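Visitor: Handing over target_35.csv, CSV, N, CA and C atoms.
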chain,number,residue,atom,x,y,z
D,2,GLN,N,11.0,17.4,-5.4
D,2,GLN,CA,11.0,16.4,-4.3
D,2,GLN,C,9.6,15.8,-4.2
D,3,VAL,N,9.6,14.5,-4.1
D,3,VAL,CA,8.3,13.8,-4.0
D,3,VAL,C,8.3,13.1,-2.6
D,4,GLN,N,7.2,13.2,-2.0
D,4,GLN,CA,7.0,12.5,-0.7
D,4,GLN,C,5.8,11.6,-0.7
D,5,LEU,N,5.9,10.4,-0.1
D,5,LEU,CA,4.8,9.5,0.2
D,5,LEU,C,4.6,9.4,1.7
D,6,VAL,N,3.4,9.6,2.1
D,6,VAL,CA,3.2,9.6,3.6
D,6,VAL,C,2.0,8.6,3.8
D,7,GLU,N,2.3,7.5,4.5
D,7,GLU,CA,1.3,6.6,4.9
D,7,GLU,C,0.6,6.9,6.2
D,8,SER,N,-0.6,6.5,6.3
D,8,SER,CA,-1.3,6.7,7.6
D,8,SER,C,-2.4,5.6,7.7
D,9,GLY,N,-2.9,5.4,8.9
D,9,GLY,CA,-4.0,4.5,9.1
D,9,GLY,C,-3.7,3.2,9.8
D,10,GLY,N,-2.4,3.0,10.1
D,10,GLY,CA,-2.0,1.8,10.7
D,10,GLY,C,-2.4,1.8,12.2
D,11,GLY,N,-2.2,0.7,12.9
D,11,GLY,CA,-2.6,0.6,14.3
D,11,GLY,C,-2.7,-0.8,14.8
D,12,LEU,N,-3.3,-0.9,15.9
D,12,LEU,CA,-3.5,-2.2,16.6
D,12,LEU,C,-5.0,-2.6,16.4
D,13,VAL,N,-5.2,-3.8,16.0
D,13,VAL,CA,-6.6,-4.3,15.8
D,13,VAL,C,-6.6,-5.8,16.1
D,14,GLN,N,-7.8,-6.3,16.5
D,14,GLN,CA,-8.0,-7.7,16.9
D,14,GLN,C,-8.2,-8.5,15.6
D,15,THR,N,-7.9,-9.8,15.7
D,15,THR,CA,-8.2,-10.7,14.6
D,15,THR,C,-9.7,-10.6,14.2
D,16,GLY,N,-9.8,-10.5,12.8
D,16,GLY,CA,-11.1,-10.3,12.2
D,16,GLY,C,-11.5,-8.8,12.0
D,17,GLY,N,-10.7,-7.9,12.6
D,17,GLY,CA,-11.0,-6.5,12.4
D,17,GLY,C,-10.6,-6.0,11.1
D,18,SER,N,-10.7,-4.6,11.0
D,18,SER,CA,-10.5,-3.9,9.7
D,18,SER,C,-9.6,-2.7,10.0
D,19,LEU,N,-8.9,-2.3,9.0
D,19,LEU,CA,-8.1,-1.1,9.0
D,19,LEU,C,-8.1,-0.6,7.5
D,20,ARG,N,-8.0,0.8,7.4
D,20,ARG,CA,-7.8,1.4,6.1
D,20,ARG,C,-6.6,2.2,6.1
D,21,LEU,N,-5.6,1.8,5.2
D,21,LEU,CA,-4.4,2.6,5.1
D,21,LEU,C,-4.6,3.6,4.0
D,22,SER,N,-3.9,4.7,4.1
D,22,SER,CA,-3.8,5.8,3.1
D,22,SER,C,-2.4,6.1,2.8
D,23,CYS,N,-2.1,6.6,1.6
D,23,CYS,CA,-0.8,7.0,1.2
D,23,CYS,C,-1.0,8.2,0.3
D,24,ALA,N,-0.6,9.4,0.9
D,24,ALA,CA,-0.7,10.6,0.2
D,24,ALA,C,0.6,11.0,-0.5
D,25,VAL,N,0.6,11.3,-1.8
D,25,VAL,CA,1.8,11.6,-2.6
D,25,VAL,C,1.8,13.1,-2.8
D,26,SER,N,2.9,13.8,-2.5
D,26,SER,CA,3.0,15.2,-2.6
D,26,SER,C,4.3,15.6,-3.3
D,27,GLY,N,4.4,16.8,-3.7
D,27,GLY,CA,5.6,17.3,-4.3
D,27,GLY,C,5.4,17.6,-5.8
D,28,THR,N,6.5,17.5,-6.5
D,28,THR,CA,6.5,17.7,-8.0
D,28,THR,C,6.1,16.4,-8.6
D,29,ILE,N,4.8,16.3,-9.0
D,29,ILE,CA,4.4,15.0,-9.6
D,29,ILE,C,4.0,15.3,-11.1
D,30,PHE,N,4.8,14.8,-12.0
D,30,PHE,CA,4.5,14.9,-13.4
D,30,PHE,C,3.4,14.0,-13.8
D,31,ARG,N,3.6,12.7,-13.4
D,31,ARG,CA,2.5,11.7,-13.7
D,31,ARG,C,2.7,10.6,-12.7
D,32,LEU,N,1.6,10.3,-12.1
D,32,LEU,CA,1.6,9.2,-11.1
D,32,LEU,C,1.1,7.9,-11.8
D,33,ASN,N,2.0,7.0,-11.9
D,33,ASN,CA,1.6,5.8,-12.7
D,33,ASN,C,1.2,4.7,-11.7
D,34,ALA,N,1.7,3.5,-11.9
D,34,ALA,CA,1.2,2.4,-11.0
D,34,ALA,C,1.6,2.6,-9.6
D,35,MET,N,0.8,2.2,-8.6
D,35,MET,CA,1.1,2.3,-7.2
D,35,MET,C,0.9,0.9,-6.6
D,36,GLY,N,1.5,0.8,-5.4
D,36,GLY,CA,1.3,-0.5,-4.7
D,36,GLY,C,1.6,-0.5,-3.2
D,37,TRP,N,1.2,-1.5,-2.6
D,37,TRP,CA,1.5,-1.7,-1.2
D,37,TRP,C,2.4,-2.9,-1.0
D,38,TYR,N,3.3,-2.8,-0.1
D,38,TYR,CA,4.2,-3.9,0.3
D,38,TYR,C,4.2,-4.0,1.8
D,39,ARG,N,4.6,-5.1,2.4
D,39,ARG,CA,4.7,-5.2,3.8
D,39,ARG,C,5.9,-6.0,4.2
D,40,GLN,N,6.4,-5.7,5.4
D,40,GLN,CA,7.6,-6.4,5.9
D,40,GLN,C,7.4,-6.7,7.4
D,41,ALA,N,7.4,-8.0,7.6
D,41,ALA,CA,7.2,-8.5,9.0
D,41,ALA,C,8.6,-8.6,9.6
D,42,PRO,N,8.7,-8.6,11.0
D,42,PRO,CA,10.0,-8.7,11.6
D,42,PRO,C,10.8,-9.9,11.2
D,43,GLY,N,12.0,-9.6,10.8
D,43,GLY,CA,12.9,-10.7,10.4
D,43,GLY,C,12.7,-11.3,9.0
D,44,LYS,N,11.8,-10.7,8.3
D,44,LYS,CA,11.4,-11.2,7.0
D,44,LYS,C,11.7,-10.2,5.9
D,45,GLN,N,11.7,-10.6,4.6
D,45,GLN,CA,11.9,-9.7,3.5
D,45,GLN,C,10.6,-8.9,3.3
D,46,ARG,N,10.7,-7.8,2.5
D,46,ARG,CA,9.6,-7.0,2.2
D,46,ARG,C,8.8,-7.8,1.0
D,47,ASP,N,7.5,-7.9,1.2
D,47,ASP,CA,6.7,-8.7,0.2
D,47,ASP,C,5.7,-7.8,-0.4
D,48,TRP,N,5.4,-8.0,-1.6
D,48,TRP,CA,4.4,-7.3,-2.4
D,48,TRP,C,3.0,-7.7,-1.9
D,49,VAL,N,2.1,-6.8,-1.7
D,49,VAL,CA,0.7,-7.1,-1.2
D,49,VAL,C,-0.3,-6.9,-2.3
D,50,ALA,N,-0.3,-5.7,-3.0
D,50,ALA,CA,-1.2,-5.4,-4.0
D,50,ALA,C,-0.7,-4.2,-4.8
D,51,SER,N,-1.3,-4.1,-6.0
D,51,SER,CA,-0.9,-3.0,-6.9
D,51,SER,C,-2.1,-2.6,-7.7
D,52,ILE,N,-2.0,-1.3,-8.2
D,52,ILE,CA,-3.1,-0.8,-9.0
D,52,ILE,C,-2.5,0.1,-10.1
D,53,THR,N,-2.9,0.0,-11.3
D,53,THR,CA,-2.4,0.8,-12.4
D,53,THR,C,-3.2,2.2,-12.3
D,54,ARG,N,-2.7,3.1,-13.1
D,54,ARG,CA,-3.3,4.4,-13.2
D,54,ARG,C,-4.8,4.3,-13.6
D,55,GLY,N,-5.1,3.3,-14.5
D,55,GLY,CA,-6.4,3.1,-15.0
D,55,GLY,C,-7.3,2.3,-14.1
D,56,GLY,N,-6.7,1.8,-13.0
D,56,GLY,CA,-7.5,1.1,-12.0
D,56,GLY,C,-7.5,-0.4,-12.0
D,57,THR,N,-6.6,-1.0,-12.8
D,57,THR,CA,-6.5,-2.5,-12.8
D,57,THR,C,-5.7,-2.9,-11.6
D,58,THR,N,-6.3,-3.9,-10.9
D,58,THR,CA,-5.7,-4.3,-9.6
D,58,THR,C,-5.1,-5.7,-9.6
D,59,ASN,N,-4.2,-6.0,-8.8
D,59,ASN,CA,-3.6,-7.3,-8.6
D,59,ASN,C,-3.3,-7.5,-7.1
D,60,TYR,N,-3.5,-8.7,-6.6
D,60,TYR,CA,-3.3,-9.0,-5.2
D,60,TYR,C,-2.4,-10.3,-5.0
D,61,ALA,N,-1.7,-10.2,-3.9
D,61,ALA,CA,-1.0,-11.5,-3.5
D,61,ALA,C,-2.1,-12.5,-3.0
D,62,ASP,N,-1.8,-13.7,-3.2
D,62,ASP,CA,-2.8,-14.8,-2.9
D,62,ASP,C,-3.2,-14.7,-1.4
D,63,SER,N,-2.2,-14.3,-0.6
D,63,SER,CA,-2.5,-14.3,0.9
D,63,SER,C,-3.5,-13.2,1.3
D,64,VAL,N,-3.8,-12.2,0.5
D,64,VAL,CA,-4.7,-11.2,0.9
D,64,VAL,C,-5.9,-11.1,0.0
D,65,LYS,N,-5.9,-11.9,-1.1
D,65,LYS,CA,-7.0,-11.9,-2.1
D,65,LYS,C,-8.3,-12.2,-1.4
D,66,GLY,N,-9.3,-11.3,-1.7
D,66,GLY,CA,-10.6,-11.5,-1.0
D,66,GLY,C,-10.8,-10.8,0.3
D,67,ARG,N,-9.7,-10.4,0.9
D,67,ARG,CA,-9.8,-9.7,2.2
D,67,ARG,C,-9.3,-8.2,2.0
D,68,PHE,N,-8.4,-7.9,1.2
D,68,PHE,CA,-7.9,-6.6,1.0
D,68,PHE,C,-8.4,-6.0,-0.3
D,69,THR,N,-8.6,-4.7,-0.3
D,69,THR,CA,-8.9,-4.0,-1.5
D,69,THR,C,-8.1,-2.7,-1.7
D,70,ILE,N,-7.4,-2.7,-2.8
D,70,ILE,CA,-6.6,-1.5,-3.1
D,70,ILE,C,-7.4,-0.6,-4.0
D,71,SER,N,-7.2,0.7,-3.8
D,71,SER,CA,-7.9,1.7,-4.6
D,71,SER,C,-7.1,3.0,-4.6
D,72,ARG,N,-7.4,3.9,-5.5
D,72,ARG,CA,-6.7,5.2,-5.6
D,72,ARG,C,-7.6,6.3,-6.0
D,73,ASP,N,-7.3,7.5,-5.7
D,73,ASP,CA,-8.0,8.7,-6.1
D,73,ASP,C,-6.9,9.5,-6.8
D,74,ASN,N,-7.0,9.5,-8.1
D,74,ASN,CA,-6.0,10.2,-8.9
D,74,ASN,C,-6.1,11.7,-8.7
D,75,ALA,N,-7.2,12.3,-8.5
D,75,ALA,CA,-7.4,13.7,-8.3
D,75,ALA,C,-6.7,14.1,-7.0
D,76,LYS,N,-6.6,13.3,-6.0
D,76,LYS,CA,-6.0,13.6,-4.7
D,76,LYS,C,-4.6,13.0,-4.6
D,77,ASN,N,-4.2,12.3,-5.6
D,77,ASN,CA,-2.8,11.6,-5.6
D,77,ASN,C,-2.7,10.8,-4.3
D,78,THR,N,-3.7,10.0,-4.0
D,78,THR,CA,-3.8,9.2,-2.8
D,78,THR,C,-4.1,7.7,-3.1
D,79,LEU,N,-3.4,6.9,-2.4
D,79,LEU,CA,-3.6,5.4,-2.6
D,79,LEU,C,-4.2,4.9,-1.3
D,80,TYR,N,-5.1,3.9,-1.4
D,80,TYR,CA,-5.7,3.3,-0.2
D,80,TYR,C,-5.5,1.8,-0.2
D,81,LEU,N,-5.7,1.2,1.0
D,81,LEU,CA,-5.7,-0.2,1.2
D,81,LEU,C,-6.7,-0.5,2.3
D,82,GLN,N,-7.9,-1.0,1.9
D,82,GLN,CA,-8.9,-1.5,2.8
D,82,GLN,C,-8.6,-2.9,3.2
D,83,MET,N,-8.3,-3.1,4.5
D,83,MET,CA,-8.0,-4.5,5.0
D,83,MET,C,-9.1,-5.0,5.9
D,84,ASN,N,-9.7,-6.1,5.5
D,84,ASN,CA,-10.7,-6.7,6.3
D,84,ASN,C,-10.3,-8.1,6.7
D,85,SER,N,-11.0,-8.6,7.7
D,85,SER,CA,-10.8,-10.0,8.2
D,85,SER,C,-9.3,-10.2,8.5
D,86,LEU,N,-8.7,-9.2,9.2
D,86,LEU,CA,-7.3,-9.3,9.5
D,86,LEU,C,-6.9,-10.5,10.3
D,87,LYS,N,-5.7,-11.0,10.1
D,87,LYS,CA,-5.2,-12.1,10.8
D,87,LYS,C,-3.8,-11.7,11.4
D,88,PRO,N,-3.4,-12.4,12.4
D,88,PRO,CA,-2.1,-12.1,13.1
D,88,PRO,C,-1.0,-12.1,12.1
D,89,GLU,N,-1.0,-13.0,11.1
D,89,GLU,CA,0.0,-13.0,10.1
D,89,GLU,C,0.1,-11.8,9.2
D,90,ASP,N,-0.9,-11.0,9.3
D,90,ASP,CA,-0.9,-9.7,8.5
D,90,ASP,C,-0.1,-8.6,9.2
D,91,THR,N,0.4,-8.9,10.5
D,91,THR,CA,1.2,-8.0,11.2
D,91,THR,C,2.5,-7.7,10.5
D,92,ALA,N,2.7,-6.4,10.2
D,92,ALA,CA,3.9,-6.0,9.5
D,92,ALA,C,3.9,-4.5,9.4
D,93,VAL,N,5.0,-4.0,8.9
D,93,VAL,CA,5.1,-2.6,8.5
D,93,VAL,C,4.6,-2.5,7.0
D,94,TYR,N,3.7,-1.7,6.8
D,94,TYR,CA,3.1,-1.6,5.4
D,94,TYR,C,3.7,-0.3,4.7
D,95,TYR,N,4.2,-0.5,3.5
D,95,TYR,CA,4.9,0.5,2.7
D,95,TYR,C,4.1,0.8,1.5
D,96,CYS,N,4.0,2.1,1.2
D,96,CYS,CA,3.4,2.5,-0.1
D,96,CYS,C,4.5,2.7,-1.1
D,97,GLU,N,4.3,2.4,-2.3
D,97,GLU,CA,5.2,2.5,-3.4
D,97,GLU,C,4.5,3.2,-4.6
D,98,ALA,N,5.2,4.1,-5.3
D,98,ALA,CA,4.6,4.7,-6.5
D,98,ALA,C,5.7,4.9,-7.6
D,99,LYS,N,5.2,4.7,-8.8
D,99,LYS,CA,6.1,4.9,-9.9
D,99,LYS,C,5.6,6.2,-10.6
D,100,LEU,N,6.6,7.1,-10.8
D,100,LEU,CA,6.2,8.5,-11.3
D,100,LEU,C,7.0,8.8,-12.6
D,101,GLY,N,6.3,9.6,-13.4
D,101,GLY,CA,7.0,10.1,-14.6
D,101,GLY,C,7.1,9.1,-15.7
D,102,VAL,N,7.7,9.6,-16.8
D,102,VAL,CA,7.9,8.8,-18.0
D,102,VAL,C,8.9,7.7,-17.8
D,103,SER,N,9.8,7.9,-16.8
D,103,SER,CA,10.8,6.9,-16.5
D,103,SER,C,10.4,5.9,-15.5
D,104,TYR,N,9.2,6.1,-15.0
D,104,TYR,CA,8.6,5.2,-13.9
D,104,TYR,C,9.6,5.1,-12.7
D,105,SER,N,10.1,6.3,-12.3
D,105,SER,CA,10.9,6.3,-11.1
D,105,SER,C,10.1,5.9,-9.9
D,106,GLU,N,10.8,5.1,-9.1
D,106,GLU,CA,10.2,4.5,-7.9
D,106,GLU,C,10.4,5.3,-6.6
D,107,TYR,N,9.3,5.5,-5.9
D,107,TYR,CA,9.4,6.2,-4.6
D,107,TYR,C,8.7,5.4,-3.6
D,108,TRP,N,9.2,5.5,-2.3
D,108,TRP,CA,8.6,4.7,-1.2
D,108,TRP,C,8.2,5.7,-0.1
D,109,GLY,N,7.2,5.2,0.7
D,109,GLY,CA,6.9,5.9,1.9
D,109,GLY,C,7.7,5.4,3.1
D,110,GLN,N,7.5,5.9,4.3
D,110,GLN,CA,8.3,5.5,5.4
D,110,GLN,C,7.7,4.3,6.1
D,111,GLY,N,6.5,4.0,5.8
D,111,GLY,CA,5.9,2.8,6.4
D,111,GLY,C,5.0,3.1,7.6
D,112,THR,N,4.0,2.3,7.7
D,112,THR,CA,3.0,2.4,8.9
D,112,THR,C,2.8,1.0,9.5
D,113,GLN,N,2.9,0.9,10.8
D,113,GLN,CA,2.8,-0.4,11.5
D,113,GLN,C,1.4,-0.8,11.6
D,114,VAL,N,1.1,-2.1,11.2
D,114,VAL,CA,-0.1,-2.8,11.4
D,114,VAL,C,0.1,-4.0,12.3
D,115,THR,N,-0.6,-4.0,13.4
D,115,THR,CA,-0.5,-5.1,14.4
D,115,THR,C,-1.8,-5.8,14.6
D,116,VAL,N,-1.9,-7.1,14.4
D,116,VAL,CA,-3.2,-7.8,14.6
D,116,VAL,C,-3.0,-8.7,15.7
D,117,SER,N,-3.7,-8.5,16.8
D,117,SER,CA,-3.6,-9.4,18.0
D,117,SER,C,-4.6,-10.6,17.9
D,118,SER,N,-4.1,-11.7,18.4
D,118,SER,CA,-4.9,-12.9,18.4
D,118,SER,C,-5.8,-13.0,19.6
Would you kindly transcribe this structure into structure tokens?

Guide:
Amino acid sequence: QVQLVESGGGLVQTGGSLRLSCAVSGTIFRLNAMGWYRQAPGKQRDWVASITRGGTTNYADSVKGRFTISRDNAKNTLYLQMNSLKPEDTAVYYCEAKLGVSYSEYWGQGTQVTVSS
């Protein structure tokens, strides 16, 4: 059984910062690419950022320059540093991980981020 648990969400004012974490636990053969997604009320879930096992990163245009994704392979933990937050960043943020040789996909339960104007 594999579990992904996000933390670090909350309420912040425009221009503020938050750091999300995602801890992966359970039977982990190999933790491959990981990513962050978000879903605003009434909208589809959108990709935010991703990082390979080797550390190569990619970002959605909407967060480029403001968000930084990173990971600690020794701790099986994923991070998302979010700076210069805007009200449109308000959403539930989900952690996603691909594990094993088959790149099986796992998701966390989500953490709420609310940016007030």

Visitor: Taking (2.2, -6.7, -0.9) in the coordinates of the supplied file, I want to know which residues reach to within 7 Å of it, counting all atoms listed in the file; could you give the answer as a ChimeraX atom specification?

Guide: /D:36-39,46-51,61

Visitor: How about saving the chosen residues, N, CA and C atoms kept, as a PDB file, keeping the file's coordinate frame?

Guide:
ATOM      1  N   GLY D  36       1.500   0.800  -5.400  1.00  0.00           N
ATOM      2  CA  GLY D  36       1.300  -0.500  -4.700  1.00  0.00           C
ATOM      3  C   GLY D  36       1.600  -0.500  -3.200  1.00  0.00           C
ATOM      4  N   TRP D  37       1.200  -1.500  -2.600  1.00  0.00           N
ATOM      5  CA  TRP D  37       1.500  -1.700  -1.200  1.00  0.00           C
ATOM      6  C   TRP D  37       2.400  -2.900  -1.000  1.00  0.00           C
ATOM      7  N   TYR D  38       3.300  -2.800  -0.100  1.00  0.00           N
ATOM      8  CA  TYR D  38       4.200  -3.900   0.300  1.00  0.00           C
ATOM      9  C   TYR D  38       4.200  -4.000   1.800  1.00  0.00           C
ATOM     10  N   ARG D  39       4.600  -5.100   2.400  1.00  0.00           N
ATOM     11  CA  ARG D  39       4.700  -5.200   3.800  1.00  0.00           C
ATOM     12  C   ARG D  39       5.900  -6.000   4.200  1.00  0.00           C
ATOM     13  N   ARG D  46      10.700  -7.800   2.500  1.00  0.00           N
ATOM     14  CA  ARG D  46       9.600  -7.000   2.200  1.00  0.00           C
ATOM     15  C   ARG D  46       8.800  -7.800   1.000  1.00  0.00           C
ATOM     16  N   ASP D  47       7.500  -7.900   1.200  1.00  0.00           N
ATOM     17  CA  ASP D  47       6.700  -8.700   0.200  1.00  0.00           C
ATOM     18  C   ASP D  47       5.700  -7.800  -0.400  1.00  0.00           C
ATOM     19  N   TRP D  48       5.400  -8.000  -1.600  1.00  0.00           N
ATOM     20  CA  TRP D  48       4.400  -7.300  -2.400  1.00  0.00           C
ATOM     21  C   TRP D  48       3.000  -7.700  -1.900  1.00  0.00           C
ATOM     22  N   VAL D  49       2.100  -6.800  -1.700  1.00  0.00           N
ATOM     23  CA  VAL D  49       0.700  -7.100  -1.200  1.00  0.00           C
ATOM     24  C   VAL D  49      -0.300  -6.900  -2.300  1.00  0.00           C
ATOM     25  N   ALA D  50      -0.300  -5.700  -3.000  1.00  0.00           N
ATOM     26  CA  ALA D  50      -1.200  -5.400  -4.000  1.00  0.00           C
ATOM     27  C   ALA D  50      -0.700  -4.200  -4.800  1.00  0.00           C
ATOM     28  N   SER D  51      -1.300  -4.100  -6.000  1.00  0.00           N
ATOM     29  CA  SER D  51      -0.900  -3.000  -6.900  1.00  0.00           C
ATOM     30  C   SER D  51      -2.100  -2.600  -7.700  1.00  0.00           C
ATOM     31  N   ALA D  61      -1.700 -10.200  -3.900  1.00  0.00           N
ATOM     32  CA  ALA D  61      -1.000 -11.500  -3.500  1.00  0.00           C
ATOM     33  C   ALA D  61      -2.100 -12.500  -3.000  1.00  0.00           C
TER      34      ALA D  61
END

Visitor: Identify, on the basis of only C-alpha atoms, every residue whose closest approach to Asn77 of chain D does not exceed 9 Å; exclude the query and any residue fewer than 6 positions from it along the same chain; express the result as a list in words.

Guide: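 In the requested form, the answer reads Cys23, Ala24, Val25, Ser26, Ile29 and Leu32 of chain D.
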
Visitor: As a compact mmCIF listing (two decimals) with N, CA and C atoms, in the frame of the given file, please: the residues near Ala92 of chain D (cut-off 7 Å, all atoms listed in the file, same-chain neighbours under 6 positions excluded).

Guide:
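Output contents, as saved in out.txt:
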# COMPACT_ATOMS: atom_id res chain seq x y z
N ARG D 39 4.60 -5.10 2.40
CA ARG D 39 4.70 -5.20 3.80
C ARG D 39 5.90 -6.00 4.20
N GLN D 40 6.40 -5.70 5.40
CA GLN D 40 7.60 -6.40 5.90
C GLN D 40 7.40 -6.70 7.40
N ALA D 41 7.40 -8.00 7.60
CA ALA D 41 7.20 -8.50 9.00
C ALA D 41 8.60 -8.60 9.60
N PRO D 42 8.70 -8.60 11.00
CA PRO D 42 10.00 -8.70 11.60
C PRO D 42 10.80 -9.90 11.20
N THR D 112 4.00 2.30 7.70
CA THR D 112 3.00 2.40 8.90
C THR D 112 2.80 1.00 9.50
N GLN D 113 2.90 0.90 10.80
CA GLN D 113 2.80 -0.40 11.50
C GLN D 113 1.40 -0.80 11.60
N VAL D 114 1.10 -2.10 11.20
CA VAL D 114 -0.10 -2.80 11.40
C VAL D 114 0.10 -4.00 12.30
N THR D 115 -0.60 -4.00 13.40
CA THR D 115 -0.50 -5.10 14.40
C THR D 115 -1.80 -5.80 14.60
N VAL D 116 -1.90 -7.10 14.40
CA VAL D 116 -3.20 -7.80 14.60
C VAL D 116 -3.00 -8.70 15.70

Visitor: State, in Å with one decimal place, the distance from atom CA of Leu12 of chain D to atom CA of Gln110 of chain D.

Guide: 18.0 Å

Visitor: Distance atom N of Ile70 of chain D-atom CA of Thr58 of chain D, one decimal place?

Guide: 7.2 Å

Visitor: Tell me, which residues of chain D carry DSSP strand (DSSP E or B), written as a PyMOL selection string?

Guide: chain D and resi 3-8+11-14+19-27+32-40+46-52+58-60+68-73+78-83+92-100+105-108+112-117

Visitor: Between D:Leu21, D:Leu5, D:Val13, D:Val102, which has the minimum distance to Leu79 of chain D (counting all atoms listed in the file)?

Guide: D:Leu21

Visitor: Show me the residues close to (4.7, 2.2, -0.3) - anything with an atom within 6 Å, counting all atoms listed in the file - and format the list as a ChimeraX atom specification.

Guide: /D:36-38,94-98,108-109

Visitor: Rounded to one decimal in Å, what is the spacing between atom N of Ser71 of chain D and atom CA of Gly9 of chain D?

Guide: 13.8 Å
